[in-house]
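These notes are about the structure you will find just below.
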Amino acid sequence: MDVITRSIPECHGNRPVNTQIKQRIAENFSRAAHSYDNAAVLQKRVAARTMLGLPAQLEKKNAPNQIQRVIDLGAGTGLHSLTLADRYSDAMITGMDLAMGMLEFARQNAPDHPRLSWCSGDIESVPFQSNSIDLIYSSLAIQWCGFEQVLSEVGRVLKPGCSFVFSTLAEGSLQELNTAWCLAGERDRVNRFDRFEAQKQTVARSELIRQAFSLKAETLYYPDVITLLRSLKALGVNTVLAGKHGLVTRRRLDALKHAYEPLRQPEGLPLTYQVIYGVLQKPF
Ligand SMILES: C[S@@+](CC[C@H](N)C(=O)[O-])C[C@H]1O[C@@H](n2cnc3c(N)ncnc32)[C@H](O)[C@@H]1O
C-alpha cells in the first residue's frame with residue numbers, strides 16, 4: 001500500500017485477508033472523511049476515555065525509555081493523532097489507515113506538522129518493523145479486523161515493555177438497530193461483534209500482558225430512524241461484514257421505523273455501543 005507522506009516505515013507487506021470487504025470498508029470510510037468529525041459524537045467520547053489509559057511521558061530528558069515512536073492504528077481523520085502529538089511532545093506520530101480518503105483529509109488538516117506522518121496500511125498486517133514502536137494507540141478501528149491477528153501484529157511491532165492502548169466493540173453493540181431490523185424481517189443488516197469474554201480469552205492467548213480490559217456501554221439517542229441511519233452513513237460505518245446487503249427500499253424503511261418505535265425512550269431512539277477499553281503490554 002502507499003505511504004502518502006514522509007517518514008516511510010519498512011514495508012512488511014500485506015496479506016490479502018477478505019480483500020473485497022476491506023475494499024468496501026475503505027471506500028465507505030473514504031466517502032465519509034468530510035462528514036466524519038461532525039458526526040463522531042460517540043467516537044470522540046470513546047477516544048477521550050481510551051486516552052486515559054495512555055502511559056505518562058517520561059520527564060527526564062533523553063531517558064532511554066522515552067516515548068519516541070507512536071502509531072495510531074485506524075487513525076481516520078487524524079484528530080486523535082494530533083492529540084497524541086500534543087501529548088508526546090518529543091515523539092514522531094504516524095496515523096495509519098486503510099481509507100485513502102481519510103488519510104488525505106488528515107494530511108490536509110495538519111499539512112506541516114513536523115512530527116506527524118500518515119501511512120496507508122492494514123491493521124492486520126502493519127507496515128512497520130518488528131520491535132520498533134514505543135506506543136500503539138487505536139480507538140474504534142480494530143473491530144473491523146480479526147482481533148487475534150491484530151494482537152499478533154501489535155505484539156510483533158511493539159518494543160518489549162511497551163503498550164497497546166485501545167478501544168473496540170463487543171457483542172451487544174448496535175443491538176437496538178439489529179433488533180428492529182430483525183423485527184422488520186431483515187437479518188444480517190448490522191455487524192456482529194465478538195463477546196467481551198471471548199475477546200478477553202483472545203488476549204489471554206496472546207503474548208501480551210493484560211493491564212486493563214473493561215467494558216462500558218454508551219448510548220446515543222436519535223429523534224428518528226432516518227437521522228440515525230444518516231449518522232451511521234456520515235461516519236462511514238455502514239459496511240456490513242457478513243450477510244446480504246440489499247437496497248433499503250421505502251417499504252423496508254417503513255418496516256424498520258415501525259419496529260424501532262417501541263424502543264423509544266424520553267431522550268429519543270436509543271443506539272447502544274458496548275465499548276471495550278484495553279491496555280496491554282508486551283513483556284520485557
Ligand atoms: C470509526 S473510524 C475511527 C477513526 C478514529 N480512530 C477515531 O477514533 O475517530 C475507523 C477507522 O478504521 C479504519 N480501518 C478499518 N479497518 C481497517 C484496517 N483493517 N486497517 C486500517 N484501518 C482500518 C477505517 O478506515 C476508519 O478510518
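Scheme for the C-alpha cells: letters A, B, ... for chains in order shown; per-chain residue numbers from 1; ligand numbers from 1 in order shown.
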Env. residues ligand 1 / 7 Å / only C-alpha atoms and all ligand atoms / as a ChimeraX atom specification
/A:22,25-26,29-30,40,43-44,47,73-80,96-99,102,121-124,138-142,144-145,235,237
DSSP on the backbone, strand (DSSP E or B) only: what residues of region 11-210 of chain A does that give? Format it as a ChimeraX atom specification.
/A:69-73,92-97,116-120,122,125,133-139,158-169,209-210
Selection export as a compact mmCIF listing (two decimals), in the first residue's frame, atoms kept: N, CA, C and O atoms:
```
# COMPACT_ATOMS: atom_id res chain seq x y z
N ARG A 69 8.28 6.91 19.36
CA ARG A 69 7.66 6.44 18.11
C ARG A 69 6.26 5.91 18.46
O ARG A 69 6.13 4.87 19.14
N VAL A 70 5.23 6.61 17.98
CA VAL A 70 3.84 6.27 18.31
C VAL A 70 3.06 6.01 17.03
O VAL A 70 3.21 6.73 16.04
N ILE A 71 2.21 4.98 17.07
CA ILE A 71 1.35 4.68 15.91
C ILE A 71 -0.11 4.79 16.35
O ILE A 71 -0.48 4.30 17.41
N ASP A 72 -0.91 5.44 15.50
CA ASP A 72 -2.37 5.48 15.71
C ASP A 72 -2.98 4.59 14.63
O ASP A 72 -3.04 4.96 13.45
N LEU A 73 -3.42 3.40 15.03
CA LEU A 73 -3.97 2.43 14.05
C LEU A 73 -5.43 2.74 13.74
O LEU A 73 -6.26 2.80 14.65
N MET A 92 7.55 11.06 17.37
CA MET A 92 7.06 11.03 15.99
C MET A 92 5.77 10.19 16.00
O MET A 92 5.79 9.05 16.50
N ILE A 93 4.70 10.74 15.44
CA ILE A 93 3.42 10.04 15.44
C ILE A 93 3.08 9.66 14.00
O ILE A 93 3.13 10.50 13.10
N THR A 94 2.68 8.42 13.79
CA THR A 94 2.20 8.01 12.46
C THR A 94 0.74 7.58 12.59
O THR A 94 0.41 6.67 13.36
N GLY A 95 -0.12 8.25 11.83
CA GLY A 95 -1.53 7.85 11.74
C GLY A 95 -1.66 6.91 10.56
O GLY A 95 -1.34 7.28 9.43
N MET A 96 -2.13 5.70 10.82
CA MET A 96 -2.27 4.71 9.73
C MET A 96 -3.74 4.38 9.51
O MET A 96 -4.51 4.27 10.46
N ASP A 97 -4.11 4.22 8.26
CA ASP A 97 -5.49 3.87 7.96
C ASP A 97 -5.57 3.14 6.62
O ASP A 97 -4.69 3.26 5.77
N LEU A 116 4.18 14.64 12.61
CA LEU A 116 3.06 13.78 12.22
C LEU A 116 3.25 13.28 10.80
O LEU A 116 3.58 14.05 9.91
N SER A 117 3.03 11.99 10.60
CA SER A 117 3.02 11.47 9.22
C SER A 117 1.84 10.53 9.07
O SER A 117 1.27 10.07 10.05
N TRP A 118 1.50 10.27 7.82
CA TRP A 118 0.31 9.46 7.52
C TRP A 118 0.72 8.29 6.65
O TRP A 118 1.51 8.44 5.72
N CYS A 119 0.16 7.16 6.95
CA CYS A 119 0.60 5.94 6.29
C CYS A 119 -0.61 5.08 5.95
O CYS A 119 -1.48 4.87 6.80
N SER A 120 -0.64 4.62 4.72
CA SER A 120 -1.71 3.71 4.31
C SER A 120 -1.31 2.29 4.68
O SER A 120 -0.20 1.85 4.38
N ASP A 122 -2.86 -1.78 6.52
CA ASP A 122 -3.90 -2.65 7.08
C ASP A 122 -3.47 -3.09 8.48
O ASP A 122 -2.37 -3.62 8.66
N SER A 125 -1.94 -6.38 9.09
CA SER A 125 -0.60 -6.65 8.55
C SER A 125 0.13 -5.31 8.46
O SER A 125 0.29 -4.75 7.38
N ILE A 133 8.31 0.10 17.81
CA ILE A 133 7.34 1.13 18.21
C ILE A 133 7.22 1.21 19.74
O ILE A 133 7.13 0.19 20.42
N ASP A 134 7.17 2.45 20.26
CA ASP A 134 7.12 2.65 21.72
C ASP A 134 5.69 2.63 22.26
O ASP A 134 5.48 2.37 23.45
N LEU A 135 4.73 2.98 21.40
CA LEU A 135 3.34 3.03 21.87
C LEU A 135 2.41 2.86 20.68
O LEU A 135 2.58 3.53 19.65
N ILE A 136 1.43 1.97 20.83
CA ILE A 136 0.40 1.83 19.78
C ILE A 136 -0.94 2.20 20.40
O ILE A 136 -1.32 1.70 21.46
N TYR A 137 -1.61 3.12 19.70
CA TYR A 137 -2.93 3.59 20.12
C TYR A 137 -3.92 3.23 19.02
O TYR A 137 -3.59 3.28 17.83
N SER A 138 -5.15 2.88 19.41
CA SER A 138 -6.17 2.64 18.39
C SER A 138 -7.55 2.79 19.02
O SER A 138 -7.84 2.15 20.03
N SER A 139 -8.38 3.65 18.45
CA SER A 139 -9.72 3.83 19.01
C SER A 139 -10.78 3.49 17.95
O SER A 139 -10.81 4.08 16.87
N LEU A 158 5.61 -3.80 18.59
CA LEU A 158 5.93 -3.07 19.82
C LEU A 158 7.33 -3.46 20.31
O LEU A 158 7.74 -4.62 20.19
N LYS A 159 8.01 -2.49 20.91
CA LYS A 159 9.26 -2.83 21.61
C LYS A 159 8.91 -3.54 22.91
O LYS A 159 7.83 -3.27 23.48
N PRO A 160 9.77 -4.39 23.42
CA PRO A 160 9.49 -5.04 24.71
C PRO A 160 9.21 -4.01 25.81
O PRO A 160 9.86 -2.97 25.87
N GLY A 161 8.20 -4.28 26.62
CA GLY A 161 7.85 -3.39 27.73
C GLY A 161 6.91 -2.26 27.31
O GLY A 161 6.45 -1.50 28.17
N CYS A 162 6.60 -2.15 26.02
CA CYS A 162 5.76 -1.03 25.54
C CYS A 162 4.28 -1.44 25.44
O CYS A 162 3.95 -2.61 25.47
N SER A 163 3.41 -0.43 25.30
CA SER A 163 1.97 -0.66 25.48
C SER A 163 1.13 -0.48 24.22
O SER A 163 1.46 0.32 23.34
N PHE A 164 0.03 -1.21 24.22
CA PHE A 164 -1.03 -1.05 23.22
C PHE A 164 -2.26 -0.55 23.99
O PHE A 164 -2.79 -1.23 24.87
N VAL A 165 -2.70 0.67 23.65
CA VAL A 165 -3.83 1.30 24.34
C VAL A 165 -4.95 1.43 23.32
O VAL A 165 -4.76 2.06 22.27
N PHE A 166 -6.10 0.83 23.60
CA PHE A 166 -7.11 0.76 22.53
C PHE A 166 -8.53 0.71 23.06
O PHE A 166 -8.78 0.47 24.25
N SER A 167 -9.46 0.95 22.14
CA SER A 167 -10.88 0.67 22.39
C SER A 167 -11.42 -0.08 21.18
O SER A 167 -10.93 0.10 20.05
N THR A 168 -12.39 -0.95 21.45
CA THR A 168 -13.03 -1.69 20.37
C THR A 168 -14.46 -2.02 20.81
O THR A 168 -14.89 -1.57 21.87
N LEU A 169 -15.19 -2.74 19.99
CA LEU A 169 -16.60 -3.01 20.32
C LEU A 169 -16.82 -4.48 20.66
O LEU A 169 -16.11 -5.36 20.15
N ILE A 209 0.53 -8.80 27.90
CA ILE A 209 0.09 -8.84 29.30
C ILE A 209 -1.08 -7.87 29.47
O ILE A 209 -0.98 -6.69 29.08
N ARG A 210 -2.17 -8.38 30.06
CA ARG A 210 -3.36 -7.54 30.24
C ARG A 210 -3.19 -6.63 31.45
O ARG A 210 -3.08 -7.10 32.57
```
Residue set, region 89-284 of chain A restricted to alpha helix (DSSP H), as JSON, numbers by chain
{"A": [100, 101, 102, 103, 104, 105, 106, 107, 108, 109, 147, 148, 149, 150, 151, 152, 153, 154, 155, 156, 157, 175, 176, 177, 178, 179, 180, 181, 182, 183, 196, 197, 198, 199, 200, 201, 202, 203, 204, 205, 225, 226, 227, 228, 229, 230, 231, 232, 233, 234, 235, 250, 251, 252, 253, 254, 255, 256, 257, 258, 259, 260]}
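Residue neighbourhood of Leu228 (chain A), excluding near-sequence residues (fewer than 3 positions): Ala39, Leu174, Glu176, Leu177, Leu220, Tyr221, Tyr222, Pro223, Asp224, Val225, Ser231, Leu232, Lys233, Ala234, Leu235, Val237, Asn238, Leu256, Lys257, Tyr260, Gly268, Leu269, Pro270, Leu271 and Thr272 of chain A, at 12 Å, using only C-alpha atoms.
If you look at CA of Val279 (chain A) and CA of Leu54 (chain A), they are 8.1 Å away from each other.
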Atom pair CA of Trp181 (chain A) + CA of Val248 (chain A), distance 10.9 Å
